[in-house]
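Visitor: What follows is a single structure, and I will ask about it in a moment.
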Amino acid sequence: MLEGKGKIRETDMPMKMQMHAMASASEALDEYDVYDYTSIAAHIKKEFDKLYGTGWQCVVGSGFGCFITHSKGTFVYFSLESIHFLIIKAATI
C-alpha cells in the first residue's frame, strides 16, 4: 500500500531490522483498516516477538509523545505517509 514512502525519523536499529519494521508496518496497513492503530501495532509487535524474541513494544498513530528506555540497537521511529510508528524492545535491568 505505502511501500517506498517510508521515512526513518530516528533509529539505532540495524538496517536489516529497520527494513523489516517498515515492511511489517506496510503489511499491517494492507491487512487492517488504516485507522485501526491497535490491530496494526499488535501485528507488528507479534511479528517482532516471533523473529527477535519477546519484549517488543509498538506504538502507532498520527501524533503521540513518549519517553521510553530501550535496549541498545532496538529502537526505530519512522513514518509511512502521515502515520508514525515507534518500535522498541524494553530495556532489561
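Following the order of the C-alpha cells, chains are lettered A, B, ..., residues in each are numbered from 1, and ligands are numbered from 1.
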Just want the 12 Å neighbourhood of Ile87 in chain A, counted on only C-alpha atoms, with same-chain residues fewer than 6 positions away dropped. Output as a CSV table (one decimal) with C-alpha atoms, in the first residue's frame.
Guide:
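In the end it all went to selection.csv:
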chain,number,residue,atom,x,y,z
A,8,ILE,CA,13.1,6.8,9.1
A,9,ARG,CA,13.0,9.6,11.7
A,10,GLU,CA,15.3,8.2,14.3
A,11,THR,CA,16.9,4.8,15.0
A,12,ASP,CA,19.7,2.8,16.5
A,13,MET,CA,18.5,-0.4,14.9
A,17,MET,CA,15.7,-4.8,11.2
A,18,GLN,CA,14.7,-1.3,10.0
A,20,HIS,CA,11.7,-5.4,8.3
A,21,ALA,CA,10.0,-2.9,10.6
A,22,MET,CA,8.8,-0.8,7.6
A,24,SER,CA,5.8,-5.2,8.7
A,25,ALA,CA,4.1,-1.9,9.0
A,40,ILE,CA,-1.7,-2.6,13.3
A,41,ALA,CA,0.6,-2.2,16.4
A,42,ALA,CA,-0.3,-5.7,17.7
A,43,HIS,CA,0.5,-7.2,14.2
A,44,ILE,CA,4.0,-5.5,14.2
A,45,LYS,CA,4.7,-6.4,17.9
A,46,LYS,CA,3.8,-10.1,17.3
A,47,GLU,CA,6.0,-10.3,14.3
A,48,PHE,CA,9.0,-8.8,16.1
A,49,ASP,CA,8.4,-11.0,19.2
A,55,GLY,CA,9.7,-7.9,24.9
A,56,TRP,CA,8.9,-5.7,21.9
A,57,GLN,CA,6.6,-2.7,22.1
A,58,CYS,CA,4.9,-0.9,19.2
A,59,VAL,CA,3.1,2.5,19.2
A,60,VAL,CA,1.2,3.6,16.1
A,66,CYS,CA,6.8,9.2,24.6
A,68,ILE,CA,11.0,5.2,26.9
A,69,THR,CA,14.1,3.4,27.9
A,70,HIS,CA,15.1,0.7,25.3
A,71,SER,CA,17.8,-1.9,24.8
A,73,GLY,CA,20.1,-1.5,18.9
A,74,THR,CA,16.3,-2.0,19.2
A,75,PHE,CA,14.8,1.4,18.6
A,76,VAL,CA,13.2,2.7,15.4
A,77,TYR,CA,10.8,5.6,14.8
A,78,PHE,CA,9.5,6.0,11.3
A,79,SER,CA,6.6,7.2,9.3
Visitor: Could you pull out all residues of chain A with a DSSP call of strand (DSSP E) and give them as a CSV table (one decimal) with C-alpha atoms, in the first residue's frame?
Guide:
chain,number,residue,atom,x,y,z
A,6,GLY,CA,8.6,5.4,4.4
A,7,LYS,CA,10.9,7.8,6.2
A,8,ILE,CA,13.1,6.8,9.1
A,9,ARG,CA,13.0,9.6,11.7
A,10,GLU,CA,15.3,8.2,14.3
A,11,THR,CA,16.9,4.8,15.0
A,56,TRP,CA,8.9,-5.7,21.9
A,57,GLN,CA,6.6,-2.7,22.1
A,58,CYS,CA,4.9,-0.9,19.2
A,59,VAL,CA,3.1,2.5,19.2
A,60,VAL,CA,1.2,3.6,16.1
A,61,GLY,CA,-0.6,6.8,15.4
A,70,HIS,CA,15.1,0.7,25.3
A,71,SER,CA,17.8,-1.9,24.8
A,72,LYS,CA,20.6,-0.7,22.6
A,73,GLY,CA,20.1,-1.5,18.9
A,74,THR,CA,16.3,-2.0,19.2
A,75,PHE,CA,14.8,1.4,18.6
A,76,VAL,CA,13.2,2.7,15.4
A,77,TYR,CA,10.8,5.6,14.8
A,78,PHE,CA,9.5,6.0,11.3
A,79,SER,CA,6.6,7.2,9.3
A,80,LEU,CA,4.6,5.9,6.3
A,83,ILE,CA,1.2,7.5,10.2
A,84,HIS,CA,4.0,7.2,12.7
A,85,PHE,CA,5.5,4.1,14.1
A,86,LEU,CA,7.7,3.5,17.2
A,87,ILE,CA,9.1,0.1,17.7
A,88,ILE,CA,11.3,-0.7,20.7
A,89,LYS,CA,12.4,-3.6,22.8
A,90,ALA,CA,12.2,-2.9,26.5
Visitor: List every residue of chain A that DSSP, applied to the backbone of this structure, assigns to alpha helix (DSSP H), and report them as a ChimeraX atom specification.
Guide: /A:15-31,37-52
Visitor: Expressed in Å to a single decimal, how great is the separation between CA of Glu27 in chain A and CA of Met15 in chain A?
Guide: 18.3 Å
Visitor: Between CA of Ser26 in chain A and CA of Leu51 in chain A, what is the spacing in Å?
Guide: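 Atom-to-atom, CA of Leu51 in chain A and CA of Ser26 in chain A are spaced 17.1 Å apart.
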